[in-house]
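This is input_34.txt. It holds compact mmCIF, N, CA and C atoms and all ligand atoms.
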```txt
# COMPACT_ATOMS: atom_id res chain seq x y z
N MET A 1 -8.66 -46.47 -6.83
CA MET A 1 -7.90 -46.93 -5.68
C MET A 1 -8.82 -47.01 -4.47
N THR A 2 -8.80 -48.11 -3.77
CA THR A 2 -9.62 -48.26 -2.57
C THR A 2 -8.73 -48.56 -1.39
N THR A 3 -9.28 -48.27 -0.24
CA THR A 3 -8.57 -48.53 1.01
C THR A 3 -9.40 -49.48 1.82
N PRO A 4 -8.76 -50.50 2.43
CA PRO A 4 -9.54 -51.43 3.22
C PRO A 4 -10.36 -50.69 4.29
N GLY A 5 -11.62 -51.03 4.40
CA GLY A 5 -12.48 -50.40 5.39
C GLY A 5 -13.25 -49.22 4.85
N PHE A 6 -12.95 -48.77 3.61
CA PHE A 6 -13.64 -47.64 3.02
C PHE A 6 -14.39 -48.10 1.79
N PRO A 7 -15.62 -47.65 1.64
CA PRO A 7 -16.41 -48.05 0.48
C PRO A 7 -15.79 -47.55 -0.82
N MET A 8 -16.15 -48.14 -1.93
CA MET A 8 -15.63 -47.79 -3.24
C MET A 8 -15.98 -46.35 -3.63
N SER A 9 -17.11 -45.80 -3.13
CA SER A 9 -17.55 -44.49 -3.55
C SER A 9 -16.71 -43.36 -2.95
N GLN A 10 -15.90 -43.65 -1.93
CA GLN A 10 -15.11 -42.59 -1.32
C GLN A 10 -13.77 -42.47 -2.02
N PRO A 11 -13.46 -41.27 -2.53
CA PRO A 11 -12.17 -41.09 -3.20
C PRO A 11 -11.03 -41.08 -2.20
N VAL A 12 -9.92 -41.58 -2.64
CA VAL A 12 -8.71 -41.58 -1.83
C VAL A 12 -7.63 -40.88 -2.62
N ALA A 13 -7.08 -39.83 -2.06
CA ALA A 13 -6.03 -39.10 -2.75
C ALA A 13 -4.79 -39.97 -2.85
N SER A 14 -3.99 -39.72 -3.86
CA SER A 14 -2.81 -40.54 -4.08
C SER A 14 -1.79 -40.40 -2.96
N SER A 15 -1.85 -39.30 -2.18
CA SER A 15 -0.91 -39.11 -1.09
C SER A 15 -1.31 -39.93 0.13
N GLY A 16 -2.45 -40.58 0.08
CA GLY A 16 -2.91 -41.35 1.22
C GLY A 16 -3.90 -40.59 2.05
N CYS A 17 -4.14 -39.32 1.74
CA CYS A 17 -5.10 -38.50 2.45
C CYS A 17 -6.50 -38.90 2.01
N ARG A 18 -7.32 -39.26 2.92
CA ARG A 18 -8.68 -39.71 2.57
C ARG A 18 -9.62 -38.53 2.58
N LEU A 19 -10.25 -38.26 1.47
CA LEU A 19 -11.19 -37.14 1.36
C LEU A 19 -12.54 -37.69 0.92
N SER A 20 -13.45 -37.69 1.82
CA SER A 20 -14.80 -38.13 1.46
C SER A 20 -15.60 -36.94 0.98
N LYS A 21 -16.71 -37.22 0.35
CA LYS A 21 -17.59 -36.15 -0.12
C LYS A 21 -18.06 -35.30 1.06
N GLU A 22 -18.30 -35.93 2.20
CA GLU A 22 -18.74 -35.21 3.38
C GLU A 22 -17.64 -34.27 3.89
N HIS A 23 -16.39 -34.76 3.84
CA HIS A 23 -15.28 -33.91 4.27
C HIS A 23 -15.17 -32.68 3.37
N LEU A 24 -15.29 -32.91 2.06
CA LEU A 24 -15.20 -31.79 1.12
C LEU A 24 -16.33 -30.80 1.32
N MET A 25 -17.53 -31.30 1.63
CA MET A 25 -18.67 -30.40 1.83
C MET A 25 -18.48 -29.52 3.06
N VAL A 26 -17.66 -29.94 3.99
CA VAL A 26 -17.36 -29.11 5.16
C VAL A 26 -16.10 -28.29 4.91
N ALA A 27 -15.09 -28.90 4.32
CA ALA A 27 -13.80 -28.24 4.15
C ALA A 27 -13.87 -27.07 3.18
N VAL A 28 -14.60 -27.22 2.08
CA VAL A 28 -14.64 -26.15 1.08
C VAL A 28 -15.30 -24.88 1.63
N PRO A 29 -16.48 -24.97 2.27
CA PRO A 29 -17.05 -23.73 2.85
C PRO A 29 -16.16 -23.13 3.95
N VAL A 30 -15.54 -23.97 4.77
CA VAL A 30 -14.66 -23.45 5.82
C VAL A 30 -13.48 -22.73 5.19
N ALA A 31 -12.91 -23.30 4.14
CA ALA A 31 -11.78 -22.66 3.47
C ALA A 31 -12.22 -21.34 2.83
N LEU A 32 -13.41 -21.32 2.24
CA LEU A 32 -13.91 -20.08 1.63
C LEU A 32 -14.13 -19.00 2.68
N VAL A 33 -14.75 -19.38 3.80
CA VAL A 33 -14.99 -18.41 4.87
C VAL A 33 -13.66 -17.89 5.42
N ALA A 34 -12.69 -18.78 5.59
CA ALA A 34 -11.37 -18.36 6.08
C ALA A 34 -10.69 -17.42 5.09
N ALA A 35 -10.79 -17.72 3.80
CA ALA A 35 -10.16 -16.86 2.79
C ALA A 35 -10.83 -15.49 2.75
N VAL A 36 -12.15 -15.47 2.76
CA VAL A 36 -12.87 -14.19 2.71
C VAL A 36 -12.59 -13.40 4.00
N GLY A 37 -12.61 -14.10 5.14
CA GLY A 37 -12.32 -13.44 6.41
C GLY A 37 -10.92 -12.87 6.44
N GLY A 38 -9.96 -13.63 5.97
CA GLY A 38 -8.58 -13.15 5.92
C GLY A 38 -8.43 -11.94 5.03
N PHE A 39 -9.11 -11.98 3.88
CA PHE A 39 -9.07 -10.83 2.97
C PHE A 39 -9.66 -9.59 3.63
N LEU A 40 -10.81 -9.75 4.28
CA LEU A 40 -11.47 -8.60 4.90
C LEU A 40 -10.65 -8.03 6.05
N VAL A 41 -10.06 -8.89 6.87
CA VAL A 41 -9.22 -8.41 7.98
C VAL A 41 -8.00 -7.69 7.42
N GLY A 42 -7.36 -8.26 6.40
CA GLY A 42 -6.20 -7.62 5.78
C GLY A 42 -6.57 -6.28 5.17
N HIS A 43 -7.71 -6.23 4.50
CA HIS A 43 -8.17 -4.98 3.89
C HIS A 43 -8.45 -3.92 4.96
N TYR A 44 -9.08 -4.34 6.05
CA TYR A 44 -9.38 -3.41 7.14
C TYR A 44 -8.09 -2.87 7.76
N LEU A 45 -7.14 -3.76 8.02
CA LEU A 45 -5.88 -3.33 8.65
C LEU A 45 -5.08 -2.43 7.73
N SER A 46 -5.06 -2.71 6.44
CA SER A 46 -4.30 -1.87 5.52
C SER A 46 -4.93 -0.49 5.40
N ARG A 47 -6.25 -0.41 5.47
CA ARG A 47 -6.91 0.90 5.40
C ARG A 47 -6.68 1.69 6.68
N ARG A 48 -6.56 1.00 7.80
CA ARG A 48 -6.29 1.70 9.06
C ARG A 48 -4.91 2.33 9.04
N SER A 49 -3.91 1.62 8.46
CA SER A 49 -2.55 2.13 8.48
C SER A 49 -2.32 3.21 7.43
N CYS A 50 -3.17 3.32 6.43
CA CYS A 50 -3.05 4.35 5.40
C CYS A 50 -4.41 5.00 5.25
N LYS A 51 -4.70 5.96 6.10
CA LYS A 51 -6.01 6.59 6.11
C LYS A 51 -6.29 7.28 4.78
N LYS A 52 -7.52 7.22 4.37
CA LYS A 52 -7.93 7.80 3.10
C LYS A 52 -7.71 9.30 3.13
N GLY A 53 -7.14 9.81 2.05
CA GLY A 53 -6.95 11.23 1.91
C GLY A 53 -5.60 11.76 2.37
N GLN A 54 -4.77 10.91 2.98
CA GLN A 54 -3.46 11.38 3.42
C GLN A 54 -2.55 11.58 2.22
N VAL A 55 -1.87 12.71 2.18
CA VAL A 55 -0.90 12.95 1.12
C VAL A 55 0.52 12.61 1.57
N ASN A 56 0.79 12.78 2.85
CA ASN A 56 2.10 12.45 3.39
C ASN A 56 2.08 10.99 3.81
N THR A 57 2.74 10.15 3.04
CA THR A 57 2.74 8.71 3.34
C THR A 57 4.02 8.24 4.00
N SER A 58 5.05 9.12 4.12
CA SER A 58 6.30 8.60 4.66
C SER A 58 7.14 9.59 5.46
N PHE A 59 6.94 10.87 5.35
CA PHE A 59 7.85 11.84 5.94
C PHE A 59 7.43 12.24 7.34
N ASN A 60 8.31 12.00 8.34
CA ASN A 60 8.07 12.39 9.75
C ASN A 60 6.68 12.00 10.23
N LYS A 61 6.30 10.75 10.01
CA LYS A 61 4.94 10.32 10.36
C LYS A 61 4.69 10.32 11.87
N ASP A 62 5.76 10.33 12.69
CA ASP A 62 5.57 10.36 14.14
C ASP A 62 5.32 11.78 14.65
N SER A 63 5.44 12.76 13.78
CA SER A 63 5.20 14.14 14.17
C SER A 63 3.74 14.52 13.90
N PRO A 64 3.09 15.27 14.82
CA PRO A 64 1.68 15.64 14.60
C PRO A 64 1.50 16.62 13.44
N LYS A 65 2.56 17.35 13.09
CA LYS A 65 2.46 18.31 11.98
C LYS A 65 3.86 18.52 11.41
N VAL A 66 3.96 18.54 10.09
CA VAL A 66 5.25 18.78 9.44
C VAL A 66 5.26 20.24 8.98
N VAL A 67 6.21 21.00 9.56
CA VAL A 67 6.31 22.42 9.23
C VAL A 67 7.78 22.74 8.94
N HIS A 68 8.02 23.51 7.90
CA HIS A 68 9.36 24.01 7.60
C HIS A 68 9.29 25.52 7.52
N SER A 69 10.34 26.16 7.99
CA SER A 69 10.39 27.62 7.94
C SER A 69 11.77 28.02 7.44
N PHE A 70 11.80 28.97 6.50
CA PHE A 70 13.06 29.44 5.94
C PHE A 70 13.06 30.96 5.96
N ASP A 71 14.20 31.54 6.25
CA ASP A 71 14.34 32.99 6.12
C ASP A 71 14.57 33.29 4.66
N ILE A 72 13.90 34.29 4.15
CA ILE A 72 13.98 34.63 2.73
C ILE A 72 15.43 34.95 2.33
N GLU A 73 16.19 35.48 3.27
CA GLU A 73 17.57 35.82 2.95
C GLU A 73 18.42 34.56 2.77
N GLU A 74 18.03 33.46 3.37
CA GLU A 74 18.81 32.22 3.30
C GLU A 74 18.50 31.40 2.04
N ILE A 75 17.46 31.75 1.34
CA ILE A 75 17.06 30.97 0.17
C ILE A 75 18.05 31.12 -0.98
N GLY A 76 18.68 32.26 -1.07
CA GLY A 76 19.58 32.49 -2.20
C GLY A 76 18.81 32.96 -3.40
N SER A 77 19.28 32.63 -4.59
CA SER A 77 18.63 33.13 -5.80
C SER A 77 17.44 32.28 -6.21
N LYS A 78 17.40 30.99 -5.79
CA LYS A 78 16.30 30.12 -6.22
C LYS A 78 16.18 28.93 -5.27
N ALA A 79 14.96 28.54 -4.95
CA ALA A 79 14.70 27.34 -4.14
C ALA A 79 13.49 26.62 -4.73
N VAL A 80 13.56 25.28 -4.77
CA VAL A 80 12.48 24.48 -5.36
C VAL A 80 11.97 23.52 -4.28
N TYR A 81 10.71 23.71 -3.87
CA TYR A 81 10.14 22.93 -2.78
C TYR A 81 9.10 21.92 -3.28
N CYS A 82 9.12 20.78 -2.65
CA CYS A 82 8.21 19.68 -3.02
C CYS A 82 6.80 19.96 -2.51
N ARG A 83 5.83 19.68 -3.36
CA ARG A 83 4.42 19.77 -2.97
C ARG A 83 3.69 18.43 -3.14
N CYS A 84 4.44 17.41 -3.59
CA CYS A 84 3.78 16.11 -3.80
C CYS A 84 4.03 15.14 -2.66
N TRP A 85 4.93 15.45 -1.77
CA TRP A 85 5.30 14.63 -0.62
C TRP A 85 6.00 13.33 -1.00
N LYS A 86 6.54 13.23 -2.18
CA LYS A 86 7.21 12.01 -2.63
C LYS A 86 8.72 12.18 -2.67
N SER A 87 9.23 13.39 -2.47
CA SER A 87 10.66 13.65 -2.59
C SER A 87 11.45 12.98 -1.47
N LYS A 88 12.58 12.39 -1.84
CA LYS A 88 13.49 11.81 -0.85
C LYS A 88 14.29 12.91 -0.15
N LYS A 89 14.26 14.14 -0.70
CA LYS A 89 14.97 15.28 -0.11
C LYS A 89 13.99 16.28 0.49
N PHE A 90 12.79 15.83 0.85
CA PHE A 90 11.76 16.71 1.36
C PHE A 90 12.32 17.62 2.45
N PRO A 91 12.07 18.91 2.44
CA PRO A 91 11.02 19.62 1.71
C PRO A 91 11.44 20.08 0.31
N TYR A 92 12.63 19.69 -0.14
CA TYR A 92 13.06 20.12 -1.47
C TYR A 92 12.59 19.12 -2.53
N CYS A 93 12.31 19.60 -3.70
CA CYS A 93 11.88 18.76 -4.82
C CYS A 93 13.08 18.01 -5.38
N ASP A 94 12.90 16.71 -5.61
CA ASP A 94 13.94 15.92 -6.28
C ASP A 94 13.45 15.34 -7.60
N GLY A 95 12.31 15.80 -8.07
CA GLY A 95 11.76 15.32 -9.35
C GLY A 95 10.85 14.12 -9.21
N ALA A 96 10.62 13.63 -7.98
CA ALA A 96 9.78 12.45 -7.78
C ALA A 96 8.33 12.69 -8.22
N HIS A 97 7.93 13.95 -8.33
CA HIS A 97 6.55 14.25 -8.75
C HIS A 97 6.27 13.72 -10.16
N THR A 98 7.31 13.64 -11.00
CA THR A 98 7.12 13.15 -12.37
C THR A 98 6.61 11.72 -12.36
N LYS A 99 7.25 10.84 -11.57
CA LYS A 99 6.82 9.44 -11.48
C LYS A 99 5.42 9.36 -10.85
N HIS A 100 5.20 10.14 -9.79
CA HIS A 100 3.89 10.17 -9.14
C HIS A 100 2.80 10.55 -10.14
N ASN A 101 3.04 11.58 -10.93
CA ASN A 101 2.05 12.03 -11.92
C ASN A 101 1.80 10.97 -12.98
N GLU A 102 2.86 10.27 -13.42
CA GLU A 102 2.70 9.23 -14.42
C GLU A 102 1.87 8.06 -13.87
N GLU A 103 2.12 7.70 -12.60
CA GLU A 103 1.43 6.55 -12.00
C GLU A 103 -0.02 6.84 -11.62
N THR A 104 -0.31 8.10 -11.27
CA THR A 104 -1.63 8.41 -10.74
C THR A 104 -2.49 9.27 -11.65
N GLY A 105 -1.89 9.89 -12.65
CA GLY A 105 -2.64 10.82 -13.48
C GLY A 105 -2.78 12.18 -12.82
N ASP A 106 -2.07 12.37 -11.71
CA ASP A 106 -2.09 13.64 -10.99
C ASP A 106 -1.29 14.68 -11.79
N ASN A 107 -1.31 15.92 -11.33
CA ASN A 107 -0.57 16.97 -12.04
C ASN A 107 0.19 17.88 -11.10
N VAL A 108 0.69 17.33 -9.99
CA VAL A 108 1.38 18.16 -9.00
C VAL A 108 2.79 18.48 -9.47
N GLY A 109 3.28 19.59 -8.98
CA GLY A 109 4.63 20.04 -9.28
C GLY A 109 5.16 20.85 -8.13
N PRO A 110 6.40 21.28 -8.20
CA PRO A 110 7.03 21.98 -7.08
C PRO A 110 6.61 23.44 -6.97
N LEU A 111 6.94 24.00 -5.82
CA LEU A 111 6.85 25.44 -5.60
C LEU A 111 8.25 26.00 -5.83
N ILE A 112 8.37 26.92 -6.77
CA ILE A 112 9.68 27.52 -7.09
C ILE A 112 9.67 28.96 -6.61
N ILE A 113 10.65 29.27 -5.77
CA ILE A 113 10.79 30.63 -5.29
C ILE A 113 12.14 31.15 -5.78
N LYS A 114 12.10 32.29 -6.46
CA LYS A 114 13.37 32.84 -6.98
C LYS A 114 13.31 34.36 -6.95
N LYS A 115 14.48 34.93 -6.94
CA LYS A 115 14.56 36.38 -7.02
C LYS A 115 14.24 36.81 -8.44
N LYS A 116 13.68 37.98 -8.58
CA LYS A 116 13.26 38.47 -9.89
C LYS A 116 14.38 38.45 -10.91
N ASP A 117 15.55 38.78 -10.49
CA ASP A 117 16.65 38.88 -11.45
C ASP A 117 17.37 37.54 -11.65
N ALA A 118 16.94 36.49 -11.01
CA ALA A 118 17.60 35.20 -11.14
C ALA A 118 17.10 34.43 -12.35
S1 LIG A 201 9.35 15.87 -5.83
FE1 LIG A 201 7.53 16.60 -4.97
S2 LIG A 201 7.06 18.31 -6.18
FE2 LIG A 201 8.86 17.58 -7.03
```
Now, as a test, write the supplied structure out as structure tokens.
Amino acid sequence: MTTPGFPMSQPVASSGCRLSKEHLMVAVPVALVAAVGGFLVGHYLSRRSCKKGQVNTSFNKDSPKVVHSFDIEEIGSKAVYCRCWKSKKFPYCDGAHTKHNEETGDNVGPLIIKKKDA
């Protein structure tokens, strides 16, 4: 397919968009640089929002420190506390550590506090 005013050697896309070899030689590197740049910026931003080594990824993130305190008399006969930071009932364990361990190969489990006779 040719277009009046354009030599036979220049390809013309069926949509009517004219793409010469010179256009492609500029467009392809620009697209590659844009794609690589976009990937690097996205990677940088995602690493900033999830700092390496953080175990708490969702609970009270606006607080500088997450602390819970319980009186031993209020615990009752048994209490099960989360140590994986994945529980929806944090600080109590809801069993979410099982899925976390399966997905990551980790081996975390809860802290269980109970009276001797319980
Ligand atoms: S849910 Fe976190 S230790 Fe069980």
Next on the checklist: Can you work out which residues are within 8 Å of ligand LIG 201 (chain A), considering all atoms listed in the file, and then hand them over as a PyMOL selection string?
Outcome noted: chain A and resi 80-99+108-111
Checklist entry - What is the atom C of A:Glu103-atom C of A:Ser58 distance in Å, reported with one decimal? => result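 Separation of atom C of A:Glu103 and atom C of A:Ser58: 18.7 Å.
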Next on the checklist: Report, in Å with one decimal, the straight-line distance from atom CA of A:Glu74 to atom C of A:Lys114.
Outcome noted: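 Those two atoms sit 11.8 Å apart.
Taking atom C of A:Phe70 and atom N of A:Ile113 as endpoints, the distance between them is 12.1 Å.
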With 4 Å on each side, where is the centre of the axis-aligned box around all listed atoms of stretch 102-108 of chain A, and how long are its edges in Å to one decimal, as AutoDock Vina command-line options?
```
--center_x 0.0 --center_y 12.5 --center_z -11.7 --size_x 13.6 --size_y 19.9 --size_z 13.4
```
